[in-house]
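Chemist: PDB, C-alpha atoms and all ligand atoms, file upload18.pdb:
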MODEL        1
ATOM      1  CA  MET Z  25     -51.758  17.353 -52.601
ATOM      2  CA  LYS Z  26     -49.308  20.188 -53.284
ATOM      3  CA  GLU Z  27     -48.761  20.960 -49.612
ATOM      4  CA  LYS Z  28     -47.439  17.452 -48.904
ATOM      5  CA  ASN Z  29     -44.152  18.651 -50.434
ATOM      6  CA  MET Z  30     -44.136  21.819 -48.338
ATOM      7  CA  PRO Z  31     -43.917  20.668 -44.687
ATOM      8  CA  ALA Z  32     -42.982  24.108 -43.298
ATOM      9  CA  ASP Z  33     -45.860  25.956 -44.999
ATOM     10  CA  TYR Z  34     -48.312  23.174 -44.204
ATOM     11  CA  THR Z  35     -47.196  23.094 -40.558
ATOM     12  CA  ARG Z  36     -47.711  26.865 -40.297
ATOM     13  CA  LYS Z  37     -51.198  26.545 -41.823
ATOM     14  CA  ILE Z  38     -52.224  23.792 -39.382
ATOM     15  CA  LYS Z  39     -50.876  25.757 -36.398
ATOM     16  CA  GLU Z  40     -52.681  28.943 -37.470
ATOM     17  CA  LYS Z  41     -55.973  27.048 -37.797
ATOM     18  CA  ILE Z  42     -55.557  25.506 -34.326
ATOM     19  CA  ILE Z  43     -54.826  28.892 -32.734
ATOM     20  CA  GLY Z  44     -57.838  30.309 -34.611
ATOM     21  CA  TRP Z  45     -60.071  27.653 -33.012
ATOM     22  CA  GLY Z  46     -59.161  28.917 -29.534
ATOM     23  CA  ALA Z  47     -55.865  27.256 -28.567
ATOM     24  CA  ASP Z  48     -53.224  29.350 -26.792
ATOM     25  CA  LEU Z  49     -50.203  27.194 -27.676
ATOM     26  CA  VAL Z  50     -49.450  24.585 -30.321
ATOM     27  CA  GLY Z  51     -46.311  22.601 -31.103
ATOM     28  CA  VAL Z  52     -45.263  19.510 -33.034
ATOM     29  CA  ALA Z  53     -43.397  16.543 -31.512
ATOM     30  CA  ASP Z  54     -41.386  13.953 -33.385
ATOM     31  CA  THR Z  55     -42.857  10.683 -32.069
ATOM     32  CA  SER Z  56     -39.519   8.749 -32.079
ATOM     33  CA  PRO Z  57     -38.540   9.697 -28.487
ATOM     34  CA  LEU Z  58     -42.141   9.100 -27.349
ATOM     35  CA  LYS Z  59     -41.893   5.423 -28.343
ATOM     36  CA  ALA Z  60     -40.200   4.857 -24.937
ATOM     37  CA  LEU Z  61     -43.498   5.755 -23.199
ATOM     38  CA  GLN Z  62     -45.998   3.220 -21.916
ATOM     39  CA  VAL Z  63     -49.046   3.737 -24.138
ATOM     40  CA  ASP Z  64     -52.447   2.065 -24.475
ATOM     41  CA  PRO Z  65     -52.750   0.089 -26.728
ATOM     42  CA  PRO Z  66     -49.013  -0.729 -26.857
ATOM     43  CA  ASP Z  67     -48.879  -0.188 -30.660
ATOM     44  CA  LEU Z  68     -50.720   3.185 -30.434
ATOM     45  CA  LEU Z  69     -47.824   5.186 -31.883
ATOM     46  CA  ASP Z  70     -46.831   2.764 -34.677
ATOM     47  CA  PRO Z  71     -48.635   4.545 -37.555
ATOM     48  CA  PHE Z  72     -47.703   8.063 -36.464
ATOM     49  CA  VAL Z  73     -44.545  10.101 -37.091
ATOM     50  CA  ARG Z  74     -45.756  13.298 -35.415
ATOM     51  CA  ALA Z  75     -47.880  14.368 -32.447
ATOM     52  CA  VAL Z  76     -49.462  17.809 -32.371
ATOM     53  CA  SER Z  77     -49.618  19.189 -28.829
ATOM     54  CA  ILE Z  78     -52.286  21.798 -28.096
ATOM     55  CA  ALA Z  79     -52.763  23.882 -24.922
ATOM     56  CA  VAL Z  80     -55.497  26.183 -23.670
ATOM     57  CA  ARG Z  81     -54.922  28.503 -20.762
ATOM     58  CA  LEU Z  82     -57.286  28.497 -17.795
ATOM     59  CA  PRO Z  83     -58.281  31.898 -16.347
ATOM     60  CA  ALA Z  84     -55.561  32.922 -13.853
ATOM     61  CA  ALA Z  85     -58.250  34.570 -11.680
ATOM     62  CA  VAL Z  86     -59.692  31.141 -10.841
ATOM     63  CA  PHE Z  87     -56.391  29.995  -9.329
ATOM     64  CA  GLU Z  88     -56.245  33.179  -7.263
ATOM     65  CA  MET Z  89     -59.561  32.075  -5.675
ATOM     66  CA  ILE Z  90     -58.215  28.649  -4.638
ATOM     67  CA  SER Z  91     -56.706  28.417  -1.137
ATOM     68  CA  ASP Z  92     -56.483  24.909   0.309
ATOM     69  CA  ARG Z  93     -58.949  22.918  -1.837
ATOM     70  CA  PRO Z  94     -60.578  22.986  -5.284
ATOM     71  CA  ILE Z  95     -63.644  25.178  -5.747
ATOM     72  CA  PRO Z  96     -66.718  24.609  -7.966
ATOM     73  CA  ILE Z  97     -65.794  27.369 -10.441
ATOM     74  CA  TYR Z  98     -62.460  25.597 -11.042
ATOM     75  CA  VAL Z  99     -64.356  22.389 -11.893
ATOM     76  CA  SER Z 100     -66.466  24.336 -14.380
ATOM     77  CA  VAL Z 101     -63.489  25.895 -16.216
ATOM     78  CA  TYR Z 102     -61.689  22.505 -16.097
ATOM     79  CA  GLN Z 103     -64.664  20.846 -17.825
ATOM     80  CA  THR Z 104     -65.049  23.673 -20.339
ATOM     81  CA  ALA Z 105     -61.332  23.506 -21.180
ATOM     82  CA  ASN Z 106     -61.593  19.742 -21.721
ATOM     83  CA  ARG Z 107     -64.541  20.222 -24.082
ATOM     84  CA  LEU Z 108     -62.766  22.987 -25.995
ATOM     85  CA  LEU Z 109     -59.584  20.884 -26.294
ATOM     86  CA  ASP Z 110     -61.516  17.810 -27.475
ATOM     87  CA  ASP Z 111     -63.325  19.994 -30.016
ATOM     88  CA  ILE Z 112     -60.070  21.528 -31.314
ATOM     89  CA  ALA Z 113     -58.354  18.116 -31.467
ATOM     90  CA  PHE Z 114     -61.319  16.627 -33.355
ATOM     91  CA  ARG Z 115     -61.280  19.486 -35.889
ATOM     92  CA  ALA Z 116     -57.498  19.260 -36.306
ATOM     93  CA  ALA Z 117     -57.631  15.488 -36.884
ATOM     94  CA  ALA Z 118     -60.506  15.949 -39.361
ATOM     95  CA  MET Z 119     -58.574  18.626 -41.259
ATOM     96  CA  LEU Z 120     -55.426  16.473 -41.421
ATOM     97  CA  GLN Z 121     -57.514  13.494 -42.548
ATOM     98  CA  ASN Z 122     -59.204  15.557 -45.278
ATOM     99  CA  ASP Z 123     -55.709  16.528 -46.463
ATOM    100  CA  GLY Z 124     -54.835  12.830 -46.803
ATOM    101  CA  PHE Z 125     -53.164  12.123 -43.454
ATOM    102  CA  TYR Z 126     -54.044   9.345 -40.992
ATOM    103  CA  SER Z 127     -54.739  11.136 -37.682
ATOM    104  CA  LEU Z 128     -56.126  10.404 -34.224
ATOM    105  CA  PRO Z 129     -57.284  12.855 -31.525
ATOM    106  CA  ILE Z 130     -56.468  11.641 -27.986
ATOM    107  CA  PRO Z 131     -59.097  12.774 -25.440
ATOM    108  CA  ALA Z 132     -58.039  15.571 -23.074
ATOM    109  CA  SER Z 133     -58.958  13.814 -19.865
ATOM    110  CA  GLN Z 134     -59.850  10.149 -20.379
ATOM    111  CA  VAL Z 135     -58.376   7.577 -17.971
ATOM    112  CA  LEU Z 136     -58.134   4.046 -19.437
ATOM    113  CA  ASP Z 137     -56.459   2.277 -16.507
ATOM    114  CA  ARG Z 138     -58.110   3.454 -13.256
ATOM    115  CA  LYS Z 139     -55.915   1.234 -11.074
ATOM    116  CA  ASN Z 140     -52.666   2.792 -12.322
ATOM    117  CA  TRP Z 141     -54.152   6.158 -13.344
ATOM    118  CA  GLN Z 142     -52.972   5.903 -16.969
ATOM    119  CA  ALA Z 143     -54.398   7.384 -20.181
ATOM    120  CA  ALA Z 144     -53.809   6.288 -23.797
ATOM    121  CA  ILE Z 145     -50.731   8.558 -23.773
ATOM    122  CA  THR Z 146     -49.494  11.270 -21.427
ATOM    123  CA  HIS Z 147     -50.117  14.714 -22.957
ATOM    124  CA  LYS Z 148     -47.325  16.206 -20.811
ATOM    125  CA  ALA Z 149     -44.606  14.109 -22.454
ATOM    126  CA  VAL Z 150     -45.951  15.054 -25.892
ATOM    127  CA  ALA Z 151     -46.126  18.758 -24.971
ATOM    128  CA  ARG Z 152     -42.610  18.662 -23.572
ATOM    129  CA  THR Z 153     -41.232  16.992 -26.708
ATOM    130  CA  ALA Z 154     -43.154  19.544 -28.832
ATOM    131  CA  GLY Z 155     -41.408  22.443 -27.062
ATOM    132  CA  LEU Z 156     -44.440  23.879 -25.226
ATOM    133  CA  GLY Z 157     -42.629  23.818 -21.880
ATOM    134  CA  TRP Z 158     -40.698  21.642 -19.441
ATOM    135  CA  GLN Z 159     -41.669  19.024 -16.875
ATOM    136  CA  GLY Z 160     -41.589  20.907 -13.568
ATOM    137  CA  LYS Z 161     -41.040  19.756  -9.998
ATOM    138  CA  ASN Z 162     -44.836  19.420  -9.686
ATOM    139  CA  LEU Z 163     -44.593  16.819 -12.514
ATOM    140  CA  LEU Z 164     -46.794  19.081 -14.659
ATOM    141  CA  LEU Z 165     -45.921  20.784 -17.907
ATOM    142  CA  ILE Z 166     -44.793  24.330 -17.127
ATOM    143  CA  THR Z 167     -44.958  26.816 -19.977
ATOM    144  CA  PRO Z 168     -42.754  29.920 -19.827
ATOM    145  CA  ARG Z 169     -45.699  32.304 -20.253
ATOM    146  CA  TYR Z 170     -48.646  30.584 -18.562
ATOM    147  CA  GLY Z 171     -46.942  28.309 -16.031
ATOM    148  CA  SER Z 172     -48.864  25.058 -15.389
ATOM    149  CA  GLY Z 173     -52.215  26.811 -15.776
ATOM    150  CA  VAL Z 174     -52.809  25.174 -19.141
ATOM    151  CA  ARG Z 175     -54.686  22.044 -20.132
ATOM    152  CA  LEU Z 176     -53.444  19.861 -22.947
ATOM    153  CA  VAL Z 177     -54.555  17.594 -25.765
ATOM    154  CA  THR Z 178     -52.752  15.583 -28.457
ATOM    155  CA  VAL Z 179     -53.406  14.735 -32.103
ATOM    156  CA  LEU Z 180     -51.342  11.862 -33.532
ATOM    157  CA  THR Z 181     -50.697  12.046 -37.267
ATOM    158  CA  ASP Z 182     -48.628  10.636 -40.135
ATOM    159  CA  ALA Z 183     -48.395  14.127 -41.691
ATOM    160  CA  PRO Z 184     -44.704  15.053 -42.129
ATOM    161  CA  LEU Z 185     -45.055  18.266 -40.094
ATOM    162  CA  THR Z 186     -41.951  20.201 -39.052
ATOM    163  CA  ALA Z 187     -41.103  19.115 -35.489
ATOM    164  CA  ASP Z 188     -40.346  21.637 -32.727
ATOM    165  CA  ILE Z 189     -37.609  21.179 -30.137
ATOM    166  CA  PRO Z 190     -37.856  20.876 -26.329
ATOM    167  CA  VAL Z 191     -37.134  23.903 -24.110
ATOM    168  CA  LYS Z 192     -34.820  23.975 -21.086
ATOM    169  CA  ASN Z 193     -36.148  23.380 -17.574
ATOM    170  CA  ARG Z 194     -36.396  26.723 -15.718
ATOM    171  CA  CYS Z 195     -37.567  25.567 -12.241
ATOM    172  CA  GLY Z 196     -34.075  26.205 -10.821
ATOM    173  CA  LYS Z 197     -33.999  26.203  -7.024
ATOM    174  CA  CYS Z 198     -37.714  27.110  -6.684
ATOM    175  CA  THR Z 199     -39.654  24.841  -4.300
ATOM    176  CA  LEU Z 200     -42.938  26.790  -4.010
ATOM    177  CA  CYS Z 201     -45.029  23.861  -5.308
ATOM    178  CA  ARG Z 202     -43.324  21.436  -2.922
ATOM    179  CA  ASP Z 203     -43.919  23.796   0.010
ATOM    180  CA  ALA Z 204     -47.582  24.427  -0.879
ATOM    181  CA  CYS Z 205     -48.750  20.850  -1.562
ATOM    182  CA  PRO Z 206     -51.335  20.048   1.158
ATOM    183  CA  VAL Z 207     -50.143  16.422   1.460
ATOM    184  CA  GLY Z 208     -46.400  16.936   0.915
ATOM    185  CA  ALA Z 209     -46.610  14.874  -2.292
ATOM    186  CA  ILE Z 210     -43.970  16.831  -4.238
ATOM    187  CA  LYS Z 211     -40.395  15.735  -3.496
ATOM    188  CA  GLY Z 212     -38.779  18.858  -4.981
ATOM    189  CA  VAL Z 213     -36.336  16.850  -7.129
ATOM    190  CA  SER Z 214     -34.992  18.573 -10.274
ATOM    191  CA  THR Z 215     -34.774  17.054 -13.727
ATOM    192  CA  GLU Z 216     -32.864  18.284 -16.768
ATOM    193  CA  ASP Z 217     -34.990  16.304 -19.163
ATOM    194  CA  HIS Z 218     -37.903  14.311 -17.686
ATOM    195  CA  TYR Z 219     -38.496  12.108 -14.653
ATOM    196  CA  LYS Z 220     -37.883   8.407 -15.264
ATOM    197  CA  ASP Z 221     -41.161   7.612 -13.505
ATOM    198  CA  ARG Z 222     -43.661   9.698 -11.529
ATOM    199  CA  ASP Z 223     -42.339   8.340  -8.199
ATOM    200  CA  GLU Z 224     -39.069  10.148  -8.861
ATOM    201  CA  ALA Z 225     -40.922  13.475  -8.560
ATOM    202  CA  LEU Z 226     -43.923  12.632  -6.361
ATOM    203  CA  TYR Z 227     -45.076  10.545  -3.445
ATOM    204  CA  PHE Z 228     -47.648   9.596  -6.015
ATOM    205  CA  SER Z 229     -50.299   7.929  -3.838
ATOM    206  CA  ARG Z 230     -50.440  10.949  -1.493
ATOM    207  CA  CYS Z 231     -51.531  13.108  -4.450
ATOM    208  CA  ALA Z 232     -53.834  10.557  -6.096
ATOM    209  CA  ASP Z 233     -55.527   9.584  -2.793
ATOM    210  CA  LYS Z 234     -56.105  13.197  -1.695
ATOM    211  CA  LEU Z 235     -57.661  14.093  -5.048
ATOM    212  CA  SER Z 236     -59.761  10.963  -5.585
ATOM    213  CA  GLU Z 237     -60.705  10.073  -1.999
ATOM    214  CA  GLU Z 238     -61.155  13.544  -0.535
ATOM    215  CA  PHE Z 239     -61.352  16.445  -3.012
ATOM    216  CA  ALA Z 240     -63.533  14.573  -5.545
ATOM    217  CA  LYS Z 241     -66.035  13.867  -2.755
ATOM    218  CA  LEU Z 242     -66.458  17.524  -1.761
ATOM    219  CA  PRO Z 243     -69.844  19.121  -2.596
ATOM    220  CA  ASP Z 244     -70.022  20.376  -6.231
ATOM    221  CA  ILE Z 245     -66.544  19.029  -7.069
ATOM    222  CA  GLY Z 246     -67.037  15.381  -8.187
ATOM    223  CA  VAL Z 247     -63.734  15.039 -10.111
ATOM    224  CA  PRO Z 248     -60.139  14.471  -8.879
ATOM    225  CA  VAL Z 249     -58.813  18.040  -9.114
ATOM    226  CA  CYS Z 250     -56.773  20.281  -6.821
ATOM    227  CA  GLY Z 251     -54.999  23.248  -8.489
ATOM    228  CA  ILE Z 252     -52.715  24.290  -5.610
ATOM    229  CA  CYS Z 253     -49.374  23.378  -7.284
ATOM    230  CA  ILE Z 254     -50.598  25.273 -10.366
ATOM    231  CA  LYS Z 255     -51.638  28.349  -8.370
ATOM    232  CA  VAL Z 256     -48.284  28.869  -6.634
ATOM    233  CA  CYS Z 257     -46.036  28.431  -9.697
ATOM    234  CA  PRO Z 258     -44.387  31.797 -10.391
ATOM    235  CA  PHE Z 259     -44.584  31.253 -14.152
ATOM    236  CA  GLY Z 260     -47.929  32.641 -15.349
ATOM    237  CA  ARG Z 261     -48.691  34.659 -12.213
ATOM    238  CA  LYS Z 262     -47.318  37.947 -13.458
ATOM    239  CA  ARG Z 263     -49.946  40.352 -14.807
ATOM    240  CA  LYS Z 264     -47.866  40.861 -17.942
ATOM    241  CA  SER Z 265     -48.626  37.255 -18.888
ATOM    242  CA  TYR Z 266     -52.318  38.080 -19.255
ATOM    243  CA  GLY Z 267     -52.120  39.298 -22.867
ATOM    244  CA  LYS Z 268     -52.065  36.714 -25.633
ATOM    245  CA  PHE Z 269     -49.685  38.453 -28.053
TER     246      PHE Z 269
HETATM  247  C1  LIG P   1     -54.557  10.086 -14.619
HETATM  248  C2  LIG P   1     -54.330  11.560 -14.485
HETATM  249  C3  LIG P   1     -54.225  12.092 -13.213
HETATM  250  C4  LIG P   1     -54.113  11.217 -11.970
HETATM  251  C5  LIG P   1     -52.669  10.739 -11.904
HETATM  252  C6  LIG P   1     -51.651  11.892 -12.175
HETATM  253  C7  LIG P   1     -50.260  11.495 -12.642
HETATM  254  N1  LIG P   1     -49.273  12.229 -12.153
HETATM  255  O1  LIG P   1     -50.059  10.593 -13.466
HETATM  256  C8  LIG P   1     -54.512  12.199 -10.835
HETATM  257  C9  LIG P   1     -56.014  12.125 -10.631
HETATM  258  C10 LIG P   1     -53.811  12.012  -9.513
HETATM  259  C11 LIG P   1     -54.185  13.522 -11.519
HETATM  260  C12 LIG P   1     -53.892  14.666 -10.836
HETATM  261  C13 LIG P   1     -53.635  15.872 -11.445
HETATM  262  N2  LIG P   1     -53.786  16.161 -12.750
HETATM  263 CO1  LIG P   1     -54.040  14.837 -14.119
HETATM  264  N3  LIG P   1     -54.205  13.671 -15.568
HETATM  265  C14 LIG P   1     -54.244  12.390 -15.634
HETATM  266  C15 LIG P   1     -54.304  11.940 -17.104
HETATM  267  C16 LIG P   1     -55.765  11.647 -17.462
HETATM  268  C17 LIG P   1     -53.415  10.753 -17.494
HETATM  269  C18 LIG P   1     -51.961  10.890 -16.998
HETATM  270  C19 LIG P   1     -51.114   9.676 -17.299
HETATM  271  O2  LIG P   1     -51.449   8.808 -18.114
HETATM  272  N4  LIG P   1     -49.974   9.612 -16.626
HETATM  273  C20 LIG P   1     -49.033   8.518 -16.811
HETATM  274  C21 LIG P   1     -47.678   8.914 -16.205
HETATM  275  C22 LIG P   1     -46.698   7.747 -16.245
HETATM  276  O3  LIG P   1     -47.154   9.932 -17.033
HETATM  277  P1  LIG P   1     -46.634  11.361 -16.530
HETATM  278  O4  LIG P   1     -47.299  11.719 -15.263
HETATM  279  O5  LIG P   1     -46.724  12.296 -17.688
HETATM  280  O6  LIG P   1     -45.112  11.128 -16.191
HETATM  281  C23 LIG P   1     -44.136  10.571 -17.043
HETATM  282  C24 LIG P   1     -43.939  11.135 -18.408
HETATM  283  O7  LIG P   1     -44.412  12.476 -18.477
HETATM  284  C25 LIG P   1     -42.407  11.068 -18.584
HETATM  285  N5  LIG P   1     -41.952  12.026 -19.563
HETATM  286  C26 LIG P   1     -42.052  13.373 -19.567
HETATM  287  N6  LIG P   1     -41.518  13.863 -20.690
HETATM  288  C27 LIG P   1     -41.098  12.815 -21.394
HETATM  289  C28 LIG P   1     -40.491  12.776 -22.636
HETATM  290  C29 LIG P   1     -40.111  11.520 -23.142
HETATM  291  C30 LIG P   1     -39.468  11.464 -24.455
HETATM  292  C31 LIG P   1     -40.371  10.335 -22.402
HETATM  293  C32 LIG P   1     -39.973   9.016 -22.899
HETATM  294  C33 LIG P   1     -41.002  10.415 -21.144
HETATM  295  C34 LIG P   1     -41.347  11.660 -20.680
HETATM  296  O8  LIG P   1     -41.881  11.261 -17.323
HETATM  297  C35 LIG P   1     -42.836  10.847 -16.343
HETATM  298  C36 LIG P   1     -42.357   9.654 -15.657
HETATM  299  O9  LIG P   1     -42.351   8.559 -16.530
HETATM  300  C37 LIG P   1     -53.786  13.220 -17.821
HETATM  301  C38 LIG P   1     -54.316  13.407 -19.245
HETATM  302  C39 LIG P   1     -53.338  12.798 -20.217
HETATM  303  N7  LIG P   1     -53.795  11.984 -21.122
HETATM  304  O10 LIG P   1     -52.143  13.080 -20.164
HETATM  305  C40 LIG P   1     -54.183  14.343 -16.841
HETATM  306  C41 LIG P   1     -53.244  15.525 -16.687
HETATM  307  C42 LIG P   1     -51.817  15.030 -16.552
HETATM  308  N8  LIG P   1     -53.647  16.096 -15.421
HETATM  309  C43 LIG P   1     -53.534  17.375 -15.364
HETATM  310  C44 LIG P   1     -53.691  18.147 -14.163
HETATM  311  C45 LIG P   1     -53.710  19.648 -14.320
HETATM  312  C46 LIG P   1     -53.796  17.523 -12.919
HETATM  313  C47 LIG P   1     -53.899  18.158 -11.536
HETATM  314  C48 LIG P   1     -53.242  19.510 -11.303
HETATM  315  C49 LIG P   1     -55.368  18.173 -11.059
HETATM  316  C50 LIG P   1     -56.129  19.397 -11.427
HETATM  317  N9  LIG P   1     -56.620  19.466 -12.661
HETATM  318  O11 LIG P   1     -56.291  20.281 -10.626
HETATM  319  C51 LIG P   1     -53.233  17.080 -10.659
HETATM  320  C52 LIG P   1     -51.695  17.228 -10.610
HETATM  321  C53 LIG P   1     -50.982  15.996 -10.080
HETATM  322  C54 LIG P   1     -49.507  16.046 -10.313
HETATM  323  N10 LIG P   1     -48.797  17.008  -9.681
HETATM  324  O12 LIG P   1     -48.977  15.231 -11.031
HETATM  325  C55 LIG P   1     -53.163  17.965 -16.718
HETATM  326  C56 LIG P   1     -51.737  18.500 -16.710
HETATM  327  C57 LIG P   1     -51.576  19.830 -17.437
HETATM  328  C58 LIG P   1     -50.163  20.342 -17.314
HETATM  329  N11 LIG P   1     -50.008  21.646 -17.363
HETATM  330  O13 LIG P   1     -49.222  19.601 -17.167
HETATM  331  C59 LIG P   1     -53.390  16.720 -17.683
HETATM  332  C60 LIG P   1     -52.392  16.595 -18.834
HETATM  333  C61 LIG P   1     -54.825  16.842 -18.222
HETATM  334  C62 LIG P   1     -54.939  17.810 -19.403
HETATM  335  N12 LIG P   1     -55.675  17.442 -20.428
HETATM  336  O14 LIG P   1     -54.366  18.879 -19.410
HETATM  337  N13 LIG P   1     -54.164  13.395 -12.876
ENDMDL
END
Go ahead and express the file in the form of C-alpha cells.

Modeler:
Amino acid sequence: MKEKNMPADYTRKIKEKIIGWGADLVGVADTSPLKALQVDPPDLLDPFVRAVSIAVRLPAAVFEMISDRPIPIYVSVYQTANRLLDDIAFRAAAMLQNDGFYSLPIPASQVLDRKNWQAAITHKAVARTAGLGWQGKNLLLITPRYGSGVRLVTVLTDAPLTADIPVKNRCGKCTLCRDACPVGAIKGVSTEDHYKDRDEALYFSRCADKLSEEFAKLPDIGVPVCGICIKVCPFGRKRKSYGKF
C-alpha cells in the first residue's frame, strides 16, 4: 500500500476520519513508554508500536447541573459517550486493518479486574503520551481546551503513524478539585510527568468506595460515577471553549 511509506500523510488521513466520526480530539502515542504500565493481558502491547488516543467532550451544561452527587442526565451522556467512543474505535481499528495493519480497539469503560479496579490499559496514560493533555491533581486527563470533561478510548496498532508529544502540566497551584471532592480523596500533590501510582495522587479507596458503594446505588444512577472534580476544573469552564474550531 502506497501510504505505508507516507506516515505523515497517512496519520493525517486517519486523524481526519476519526474527527469526522464525531471525536473532538485525537493523538498518537509511541507505545515504548507505555510498556512500563500494568496491562491485561501482560503481553497486550507486544504487537503494537502505536496507540491512537481518542476523546469526545461531554456537554459542559451537564456538569453545571451537578452539585454534590451525580444526576441521571450525567449517566445518560456518560453511556452515550461510551457508545460513541466504542463505535469510533471499532471503525478506526477496522480502517487500519483494511489498510493492512494489525489493530485492536480497547473498550471505553470495561473493567477487567473488579478487585483492583483495572482495565486492559489505562486510557489516561495513553492520552497523556499522545499529547491530548496532562495528568491533573484529580488523577484525570486534563485537556487545555475541555478540561477533564472528556471521555477517552484507545486503538492499539502496528501502523507506523507519526507519534505526538506530551504537553506540560498546567495545574500549577490550583487546588479546586481537592477542595471540592466530597470525600477529601484528592491529595493535591503535583506531578511534572505522571503519578507513580494512583495512591500518590488520591486516597484511592475514599473515591472508589463513595462511587461504587453510595453513588452507584442512588436511584437512576446504577454506575460508579461522580463528576464533581470534573465540574470544578477551570479548564473547559470558560464559554470560549464551547466552539470546536
Ligand atoms: C476502573 C476505573 C475507575 C475506578 C477506579 C479509578 C482509578 N483512579 O483508577 C473508579 C470507579 C473509582 C473510577 C472513578 C472515576 N472515573 Co474511571 N475509569 C476506570 C477505568 C475503567 C480503568 C482505569 C484503570 O485501569 N486504572 C488503573 C490505574 C493504575 O491507572 P491510572 O488511574 O491511569 O493511573 C496511573 C497511570 O495513569 C500512570 N500514568 C499516567 N501517565 C502515564 C504515562 C506513562 C508513560 C506511564 C508509564 C504511566 C502513566 O500514572 C498513574 C499511576 O500509576 C477507566 C477506563 C480506562 N480503560 O482507562 C475509567 C476512566 C479512568 N474513568 C474516567 C472518569 C471520568 C472517572 C470519574 C470522574 C467518574 C465519572 N465518570 O464521573 C471518576 C474519577 C476518579 C479519579 N479522580 O480518579 C475516565 C477519565 C477521563 C479523563 N478525562 O481522564 C476514564 C478514562 C473512562 C473513559 N473512557 O474516559 N474509575

Chemist: To test your reading of the syntax: which residues would the PyMOL selection byres (((chain Z and resi 203) around 12) and not hetatm) return for the file shown? Reply as an NGL selection string.

Modeler: :Z and (161-162 or 198-202 or 204-212 or 252-253 or 256-257)

Chemist: Let me have all residues with an atom within 6 Å of ligand LIG 1 (chain P), counting only C-alpha atoms and all ligand atoms, laid out as a ChimeraX atom specification.

Modeler: /Z:57-58,60-61,132-135,141-143,145-149,152-153,162-166,172-177,218-222,231-232,248-251

Chemist: Using all atoms listed in the file, find all polymer residues with an atom at most 12 Å away from the point (-56.9, 22.6, -27.6); report them as a count of residues only.

Modeler: 46

Chemist: Looking at Z:Pro190, Z:Pro83, Z:Pro184, Z:Gly196, which one is nearest to Ile254 in chain Z, with distances taken over all atoms listed in the file?

Modeler: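 Among the listed residues, the smallest separation from Ile254 in chain Z belongs to Z:Pro83.
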
Chemist: Written as a PyMOL selection string, which residues does the PyMOL selection byres (((chain Z and resi 94) around 8) and not hetatm) give for the file shown?

Modeler: chain Z and resi 90-93+95-96+98-99+239+245+249-252

Chemist: Could you jot down the CA of Lys139 in chain Z to CA of Glu224 in chain Z separation for me, Å, one decimal place?

Modeler: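 If I compute the distance from CA of Lys139 in chain Z to CA of Glu224 in chain Z, I get 19.2 Å.
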
Chemist: Excluding same-chain residues fewer than 4 positions from Gly171 in chain Z, what lies within 6 Å of it counting all atoms listed in the file, as a ChimeraX atom specification?

Modeler: /Z:166-167,259-260

Chemist: If you measure from CA of Asp217 in chain Z to CA of Pro31 in chain Z, what distance in Å do you get, rounded to one decimal?

Modeler: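 Interatomic distance, CA of Asp217 in chain Z to CA of Pro31 in chain Z: 27.4 Å.
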
Chemist: In terms of the shortest atom-to-atom distance over all atoms listed in the file, which of Z:Asp33, Z:Asp123, Z:Asp188, Z:Asp233 is closest to Ala53 in chain Z?

Modeler: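 For Ala53 in chain Z, the nearest of the given residues is Z:Asp188.
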
Chemist: Grab the CA of Val191 in chain Z to CA of Gly155 in chain Z distance for me, in Å with one decimal place.

Modeler: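 Atom-to-atom, CA of Val191 in chain Z and CA of Gly155 in chain Z are spaced 5.4 Å apart.
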
Chemist: Near Ser56 in chain Z, within 12 Å and counting only C-alpha atoms, which residues show up once chain neighbours fewer than 6 positions away are dropped, as a PDB file with C-alpha atoms, in the coordinates of the input?

Modeler:
ATOM      1  CA  LEU Z  69     -47.824   5.186 -31.883  1.00  0.00           C
ATOM      2  CA  ASP Z  70     -46.831   2.764 -34.677  1.00  0.00           C
ATOM      3  CA  PRO Z  71     -48.635   4.545 -37.555  1.00  0.00           C
ATOM      4  CA  PHE Z  72     -47.703   8.063 -36.464  1.00  0.00           C
ATOM      5  CA  VAL Z  73     -44.545  10.101 -37.091  1.00  0.00           C
ATOM      6  CA  ARG Z  74     -45.756  13.298 -35.415  1.00  0.00           C
ATOM      7  CA  ALA Z  75     -47.880  14.368 -32.447  1.00  0.00           C
ATOM      8  CA  VAL Z 150     -45.951  15.054 -25.892  1.00  0.00           C
ATOM      9  CA  THR Z 153     -41.232  16.992 -26.708  1.00  0.00           C
ATOM     10  CA  ALA Z 154     -43.154  19.544 -28.832  1.00  0.00           C
ATOM     11  CA  ALA Z 187     -41.103  19.115 -35.489  1.00  0.00           C
TER      12      ALA Z 187
END

Chemist: Using only C-alpha atoms, which of Z:Tyr102, Z:Thr35, Z:Asp67, Z:Lys59 sits nearest Gly246 in chain Z?

Modeler: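 Distance minimum relative to Gly246 in chain Z lands on Z:Tyr102.
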
Chemist: Within 7 Å of Ser127 in chain Z, counting only C-alpha atoms, which residues qualify if same-chain residues fewer than 5 places away don't, as a PyMOL selection string?

Modeler: chain Z and resi 117+120-121+179-182

Chemist: Which one of Z:Thr215, Z:Asn140, Z:Gln103, Z:Thr186 sits closest to Thr55 in chain Z if you count all atoms listed in the file?

Modeler: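 Between Z:Thr215, Z:Asn140, Z:Gln103, Z:Thr186, the residue approaching Thr55 in chain Z most closely is Z:Thr186.
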
Chemist: Between Z:Ser236, Z:Leu185, Z:Tyr126, Z:Met119, which one has atoms that come closest to Arg138 in chain Z, using all atoms listed in the file?

Modeler: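 Of the candidates, the smallest distance to Arg138 in chain Z is held by Z:Ser236.
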
Chemist: Measuring atom to atom with all atoms listed in the file, identify which of Z:Glu40, Z:Asp244, Z:Glu238, Z:Glu88 is nearest to Ser100 in chain Z.

Modeler: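 The closest residue to Ser100 in chain Z is Z:Asp244.
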